[in-house]
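Peer 1: One file is attached below, model_1.txt, containing compact mmCIF, C-alpha atoms.
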# COMPACT_ATOMS: atom_id res chain seq x y z
CA MET A 1 64.82 46.39 -11.89
CA MET A 2 63.03 48.83 -9.63
CA PRO A 3 64.19 51.99 -11.44
CA HIS A 4 63.05 50.57 -14.77
CA LYS A 5 59.64 49.73 -13.30
CA ARG A 6 59.23 53.24 -11.94
CA ILE A 7 60.26 54.75 -15.29
CA SER A 8 57.69 52.55 -17.09
CA THR A 9 54.95 53.58 -14.65
CA PHE A 10 55.83 57.24 -15.09
CA ILE A 11 55.77 56.95 -18.88
CA LEU A 12 52.40 55.15 -18.79
CA ARG A 13 50.85 57.78 -16.54
CA SER A 14 52.22 60.57 -18.73
CA ILE A 15 50.66 59.01 -21.82
CA VAL A 16 47.24 58.65 -20.11
CA PHE A 17 47.39 62.23 -18.83
CA SER A 18 48.31 63.51 -22.28
CA LEU A 19 45.42 61.63 -23.88
CA VAL A 20 42.94 63.07 -21.32
CA VAL A 21 44.25 66.61 -21.77
CA PHE A 22 44.21 66.26 -25.54
CA SER A 23 40.64 64.95 -25.60
CA MET A 24 39.20 67.69 -23.35
CA PRO A 25 39.25 70.49 -25.97
CA GLN A 26 37.67 68.14 -28.50
CA ALA A 27 34.87 67.17 -26.08
CA TYR A 28 34.31 70.82 -25.15
CA ALA A 29 34.23 71.79 -28.81
CA GLN A 30 31.67 69.07 -29.57
CA THR A 31 29.47 70.19 -26.65
CA SER A 32 29.70 73.83 -27.68
CA LYS A 33 28.83 72.87 -31.25
CA LYS A 34 25.74 70.94 -30.11
CA GLU A 35 24.63 73.85 -27.92
CA ALA A 36 25.09 76.28 -30.80
CA GLN A 37 23.09 74.01 -33.11
CA GLU A 38 20.28 73.72 -30.53
CA LYS A 39 20.18 77.51 -30.05
CA LEU A 40 20.01 77.97 -33.80
CA ARG A 41 17.21 75.41 -34.11
CA LEU A 42 15.16 77.10 -31.36
CA LYS A 43 15.74 80.53 -32.91
CA GLN A 44 14.55 79.27 -36.30
CA ILE A 45 11.38 77.90 -34.66
CA ASP A 46 10.89 81.13 -32.73
CA ASP A 47 11.26 83.21 -35.90
CA SER A 48 8.81 81.03 -37.82
CA ILE A 49 5.86 81.12 -35.41
CA PRO A 50 3.38 84.04 -35.22
CA TRP A 51 3.30 86.51 -32.32
CA PHE A 52 -0.24 85.50 -31.30
CA ARG A 53 -0.36 81.80 -30.42
CA GLY A 54 -3.86 81.43 -29.01
CA ILE A 55 -5.87 81.70 -25.81
CA GLN A 56 -6.07 79.45 -22.77
CA VAL A 57 -9.22 79.16 -20.67
CA LYS A 58 -8.66 77.71 -17.21
CA ALA A 59 -10.55 76.84 -14.05
CA ASP A 60 -9.16 76.27 -10.56
CA LEU A 61 -10.17 73.14 -8.61
CA VAL A 62 -8.51 74.00 -5.27
CA GLY A 63 -10.99 76.75 -4.35
CA LEU A 64 -13.91 74.53 -5.39
CA VAL A 65 -12.75 71.62 -3.20
CA GLN A 66 -11.99 74.04 -0.36
CA LYS A 67 -15.57 75.36 -0.48
CA LEU A 68 -16.98 71.82 -0.50
CA VAL A 69 -15.00 70.65 2.56
CA SER A 70 -14.87 73.84 4.66
CA ASP A 71 -16.87 76.96 5.42
CA TYR A 72 -15.09 79.21 2.92
CA GLY A 73 -13.63 79.03 -0.58
CA GLN A 74 -13.97 80.39 -4.08
CA TYR A 75 -14.95 79.57 -7.63
CA GLU A 76 -12.29 80.92 -9.99
CA ALA A 77 -11.67 80.89 -13.74
CA GLY A 78 -9.31 82.79 -15.99
CA VAL A 79 -8.13 83.59 -19.49
CA ARG A 80 -4.47 83.59 -20.51
CA VAL A 81 -3.24 84.93 -23.88
CA ASN A 82 -0.25 83.15 -25.45
CA LEU A 83 2.27 85.50 -27.09
CA LYS A 84 5.18 83.68 -28.80
CA ASP A 85 4.97 80.89 -26.16
CA LYS A 86 6.89 83.34 -23.92
CA TYR A 87 4.52 85.95 -22.51
CA PHE A 88 1.09 85.23 -21.10
CA PRO A 89 -1.08 88.23 -20.06
CA THR A 90 -3.71 86.88 -17.69
CA ILE A 91 -7.08 87.83 -16.23
CA GLU A 92 -8.66 85.80 -13.39
CA LEU A 93 -12.19 86.30 -12.06
CA GLY A 94 -13.91 84.56 -9.19
CA LEU A 95 -16.60 84.47 -6.56
CA GLY A 96 -15.50 84.12 -2.92
CA LYS A 97 -17.90 82.82 -0.30
CA ALA A 98 -17.78 82.24 3.46
CA ASP A 99 -20.33 81.08 6.01
CA HIS A 100 -18.39 80.59 9.24
CA ASN A 101 -19.59 79.93 12.79
CA ASP A 102 -17.05 79.86 15.62
CA ILE A 103 -18.33 77.63 18.42
CA VAL A 104 -15.81 79.12 20.89
CA THR A 105 -16.41 82.84 20.35
CA GLN A 106 -19.98 82.32 19.10
CA ILE A 107 -19.27 84.74 16.26
CA SER A 108 -20.70 84.04 12.84
CA TYR A 109 -19.34 85.59 9.65
CA LYS A 110 -20.90 85.55 6.20
CA THR A 111 -19.96 87.05 2.84
CA SER A 112 -20.28 86.39 -0.87
CA ALA A 113 -18.66 88.67 -3.44
CA PRO A 114 -16.79 88.71 -6.75
CA TYR A 115 -13.11 89.56 -7.18
CA GLY A 116 -10.71 90.08 -10.05
CA LYS A 117 -7.00 89.71 -10.73
CA ILE A 118 -4.82 90.87 -13.62
CA GLY A 119 -1.18 90.10 -14.35
CA ALA A 120 1.17 88.08 -16.54
CA ASP A 121 3.12 84.82 -16.61
CA PHE A 122 6.54 84.36 -18.22
CA ASN A 123 7.68 81.01 -19.62
CA ILE A 124 11.23 80.40 -18.34
CA MET A 125 11.83 77.07 -20.11
CA LYS A 126 14.88 76.98 -22.41
CA ASN A 127 12.71 75.47 -25.13
CA LYS A 128 9.73 77.83 -25.06
CA HIS A 129 7.79 75.69 -27.55
CA ASP A 130 7.77 72.43 -25.58
CA ILE A 131 4.48 70.87 -24.42
CA TYR A 132 5.67 71.46 -20.86
CA ARG A 133 5.97 75.00 -19.50
CA VAL A 134 7.39 76.51 -16.35
CA TYR A 135 6.25 80.02 -15.41
CA VAL A 136 6.97 82.81 -12.99
CA GLY A 137 4.43 85.60 -12.75
CA PHE A 138 2.48 88.14 -10.77
CA ARG A 139 -1.12 89.23 -10.14
CA TYR A 140 -2.78 92.38 -8.85
CA GLY A 141 -6.04 91.56 -7.09
CA TYR A 142 -9.00 93.63 -5.95
CA THR A 143 -12.36 93.03 -4.31
CA SER A 144 -15.09 95.24 -2.88
CA PHE A 145 -17.49 93.30 -0.70
CA LYS A 146 -20.05 93.36 2.10
CA PHE A 147 -20.18 91.02 5.07
CA ASP A 148 -22.39 90.14 8.06
CA VAL A 149 -21.17 89.54 11.62
CA ASP A 150 -23.42 88.22 14.37
CA HIS A 151 -22.76 87.56 18.05
CA PRO A 152 -25.04 87.04 21.07
CA ASP A 153 -25.69 90.27 23.01
CA MET A 154 -22.80 91.13 25.31
CA ILE A 155 -23.43 91.68 29.05
CA ASP A 156 -22.07 94.94 30.47
CA PRO A 157 -19.95 93.89 33.50
CA VAL A 158 -20.23 97.36 35.14
CA TRP A 159 -23.72 98.67 34.52
CA GLY A 160 -25.45 95.42 33.73
CA GLY A 161 -27.82 94.96 30.87
CA THR A 162 -26.85 93.80 27.38
CA THR A 163 -25.26 95.44 24.38
CA PRO A 164 -25.91 94.14 20.87
CA PHE A 165 -22.81 93.10 18.87
CA THR A 166 -23.85 92.62 15.29
CA GLY A 167 -23.42 94.20 11.87
CA HIS A 168 -24.98 93.56 8.49
CA ASN A 169 -23.95 94.72 5.01
CA ILE A 170 -20.68 96.18 6.29
CA LYS A 171 -18.63 97.50 3.36
CA ALA A 172 -14.95 96.59 2.94
CA ASN A 173 -12.36 96.38 0.17
CA TYR A 174 -8.93 94.82 -0.42
CA HIS A 175 -6.04 95.37 -2.83
CA TRP A 176 -3.27 92.76 -2.92
CA MET A 177 -0.33 91.43 -4.95
CA GLU A 178 0.51 87.81 -5.77
CA LEU A 179 3.87 86.37 -6.81
CA LEU A 180 3.66 82.89 -8.30
CA ALA A 181 5.56 79.96 -9.77
CA SER A 182 3.63 77.46 -11.87
CA ILE A 183 3.85 74.62 -14.37
CA ASP A 184 1.50 73.15 -16.93
CA ALA A 185 1.67 70.13 -19.20
CA LYS A 186 -0.26 68.97 -22.23
CA ILE A 187 -2.41 65.95 -21.37
CA TRP A 188 -4.38 65.30 -24.55
CA GLY A 189 -5.20 67.48 -27.54
CA PRO A 190 -6.08 70.96 -26.27
CA VAL A 191 -6.32 69.82 -22.63
CA HIS A 192 -3.58 70.87 -20.21
CA MET A 193 -3.25 70.52 -16.45
CA GLY A 194 -1.20 72.75 -14.20
CA TRP A 195 -0.62 73.99 -10.70
CA SER A 196 0.74 77.14 -9.11
CA ALA A 197 2.18 78.16 -5.74
CA ARG A 198 1.37 81.74 -4.74
CA TYR A 199 2.62 84.24 -2.19
CA LYS A 200 -0.02 86.90 -1.45
CA ARG A 201 0.66 90.27 0.14
CA ARG A 202 -2.03 92.84 0.85
CA LEU A 203 -1.30 96.36 -0.38
CA HIS A 204 -4.20 98.54 0.77
CA TYR A 205 -7.37 97.59 2.60
CA ASN A 206 -10.45 98.86 4.40
CA ASN A 207 -11.94 96.44 6.92
CA GLY A 208 -15.10 98.44 7.47
CA GLU A 209 -16.59 99.93 10.60
CA LEU A 210 -15.90 96.90 12.82
CA GLY A 211 -12.18 97.00 12.10
CA ASN A 212 -11.66 93.36 11.09
CA VAL A 213 -12.85 90.73 8.63
CA TRP A 214 -12.53 86.96 8.87
CA TYR A 215 -12.38 86.14 5.15
CA VAL A 216 -11.62 88.23 2.04
CA PRO A 217 -12.97 86.97 -1.32
CA GLY A 218 -10.03 86.01 -3.53
CA PHE A 219 -7.38 86.73 -0.90
CA GLY A 220 -8.40 84.23 1.77
CA LYS A 221 -8.49 84.42 5.52
CA GLN A 222 -7.48 87.65 7.20
CA GLY A 223 -3.78 88.53 7.42
CA SER A 224 -1.14 90.72 5.82
CA THR A 225 0.42 87.76 3.96
CA ARG A 226 -0.86 84.39 2.86
CA LEU A 227 0.42 81.36 0.97
CA GLY A 228 -1.89 79.67 -1.46
CA GLY A 229 -2.07 77.66 -4.64
CA THR A 230 -4.20 76.53 -7.56
CA PHE A 231 -4.71 73.34 -9.54
CA ASP A 232 -5.99 74.23 -12.99
CA ILE A 233 -7.74 72.48 -15.83
CA ILE A 234 -6.69 74.37 -18.97
CA ILE A 235 -8.16 74.34 -22.49
CA GLU A 236 -6.11 75.83 -25.34
CA LEU A 237 -8.13 77.52 -28.05
Using structure tokens, write down the structure from this file.
Peer 2:
Amino acid sequence: MMPHKRISTFILRSIVFSLVVFSMPQAYAQTSKKEAQEKLRLKQIDDSIPWFRGIQVKADLVGLVQKLVSDYGQYEAGVRVNLKDKYFPTIELGLGKADHNDIVTQISYKTSAPYGKIGADFNIMKNKHDIYRVYVGFRYGYTSFKFDVDHPDMIDPVWGGTTPFTGHNIKANYHWMELLASIDAKIWGPVHMGWSARYKRRLHYNNGELGNVWYVPGFGKQGSTRLGGTFDIIIEL
């Protein structure tokens, strides 16, 4: 009886294996067919829509909140042009402000100046025409600004007396690059909300006659690199 049982088990397993192997090409063919149909549908949509799809106007809330709760921040808004739901040339303009007093070093720093950024975002979603979008992009930023630094007079440890340590209307400028990843989603009608994570790297800079600045409008606190982000309210026109 045992050999017959083993033969039956072998035959049963062979039948199951054959059914699985036979069904795999059919399943793969069905999946490939669905993918081809979806690609064709998206291509038909893409071919039917105009090149110019509108303009987005956006405002960042992170810099505003940062200015309200700390001694530096910025007010920033931008315009993004929608081309085929794929390419989004972008201009961002802002006003950076700082009024900082360090209780340890007794140094105060103050500035207020505009800045500008230009770049582009690229929609990397498979379905470019969805109400949700995922972007990668870049920005080139520039600002030319003046700042004030004040400190109590310093005592000369050798000759005695005091030496003033202060500077007003010191000129400086910064060039930097930003790499970003962002998303936005349609909330209601023309209203979208989105956020971005940004890696900032300074390219060329002039810190002025004192050799250092505490805050750079648009770039942030001093440093060769900086991580940042935005949370945007977006209106599509």
Peer 1: Residues at most 8 Å from Arg202 in chain A, counting only C-alpha atoms, excluding those fewer than 6 positions away in the same chain, as a PyMOL selection string?
Peer 2: chain A and resi 174-177+224-225
Peer 1: For the residues in that selection, give me C-alpha atoms as a PDB file, in the frame of the given file.
Peer 2:
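Contents of again-v5.pdb, freshly written:
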ATOM      1  CA  TYR A 174      -8.930  94.820  -0.420  1.00  0.00           C
ATOM      2  CA  HIS A 175      -6.040  95.370  -2.830  1.00  0.00           C
ATOM      3  CA  TRP A 176      -3.270  92.760  -2.920  1.00  0.00           C
ATOM      4  CA  MET A 177      -0.330  91.430  -4.950  1.00  0.00           C
ATOM      5  CA  SER A 224      -1.140  90.720   5.820  1.00  0.00           C
ATOM      6  CA  THR A 225       0.420  87.760   3.960  1.00  0.00           C
TER       7      THR A 225
END
Peer 1: If we count all atoms listed in the file, what is near Pro114 in chain A at a cut-off of 7 Å, once residues fewer than 3 positions away on the same chain are taken out, given as a PDB file with C-alpha atoms, in the coordinates of the input?
Peer 2:
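The new file out12.pdb reads:
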ATOM      1  CA  GLY A  94     -13.910  84.560  -9.190  1.00  0.00           C
ATOM      2  CA  LEU A  95     -16.600  84.470  -6.560  1.00  0.00           C
ATOM      3  CA  GLY A  96     -15.500  84.120  -2.920  1.00  0.00           C
ATOM      4  CA  THR A 143     -12.360  93.030  -4.310  1.00  0.00           C
ATOM      5  CA  PRO A 217     -12.970  86.970  -1.320  1.00  0.00           C
TER       6      PRO A 217
END
Peer 1: Out of A:Thr111, A:Asn127, A:Thr166, A:Thr230, which residue has the shortest atom-to-atom distance to Gly78 in chain A when counting all atoms listed in the file?
Peer 2: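 Selected residue with least distance to Gly78 in chain A: A:Thr230.
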Peer 1: When you look at Ser70 in chain A with a cut-off of 12 Å (counting only C-alpha atoms), what residues show up, excluding the ones that are within fewer than 5 positions of it in the same chain? I need them as a list in words.
Peer 2: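 Once the adjacent positions are removed, what remains is Val62, Gly63, Leu64, Val65, Lys97, Ala98, Asp99, His100 and Asn101 of chain A.
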Peer 1: Looking at all atoms listed in the file, which of A:Gln74, A:Asn169, A:Asn207, A:Ser182 is the one that sits closest to Leu93 in chain A?
Peer 2: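 The answer is A:Gln74, which sits nearest to Leu93 in chain A.
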Peer 1: Can you work out which one of A:Phe122, A:Phe231, A:Phe88, A:Tyr135 has the shortest atom-to-atom distance to Ile55 in chain A, counting all atoms listed in the file?
Peer 2: A:Phe88
Peer 1: Excluding same-chain residues fewer than 4 positions from Asp130 in chain A, what lies within 10 Å of it counting only C-alpha atoms, as a PDB file with C-alpha atoms, in the coordinates of the input?
Peer 2:
ATOM      1  CA  ASP A  85       4.970  80.890 -26.160  1.00  0.00           C
ATOM      2  CA  MET A 125      11.830  77.070 -20.110  1.00  0.00           C
ATOM      3  CA  LYS A 126      14.880  76.980 -22.410  1.00  0.00           C
ATOM      4  CA  ALA A 185       1.670  70.130 -19.200  1.00  0.00           C
ATOM      5  CA  LYS A 186      -0.260  68.970 -22.230  1.00  0.00           C
TER       6      LYS A 186
END
Peer 1: Which residue gives the smallest distance to Phe145 in chain A among A:Leu83, A:Val216, A:Val69, A:Leu180, with only C-alpha atoms counted?
Peer 2: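 Ranked by minimum distance to Phe145 in chain A, first place goes to A:Val216.
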Peer 1: For a test of reading the model, state the distance in Å between CA of Lys171 in chain A and CA of Gly211 in chain A, rounded to one decimal.
Peer 2: 10.9 Å
Peer 1: Measuring between all atoms listed in the file, which one of A:Val191, A:Ile170, A:Ala113, A:Ile107 shows the shortest distance to Asp150 in chain A?
Peer 2: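 Checking each candidate against Asp150 in chain A, we get A:Ile107 as the closest.
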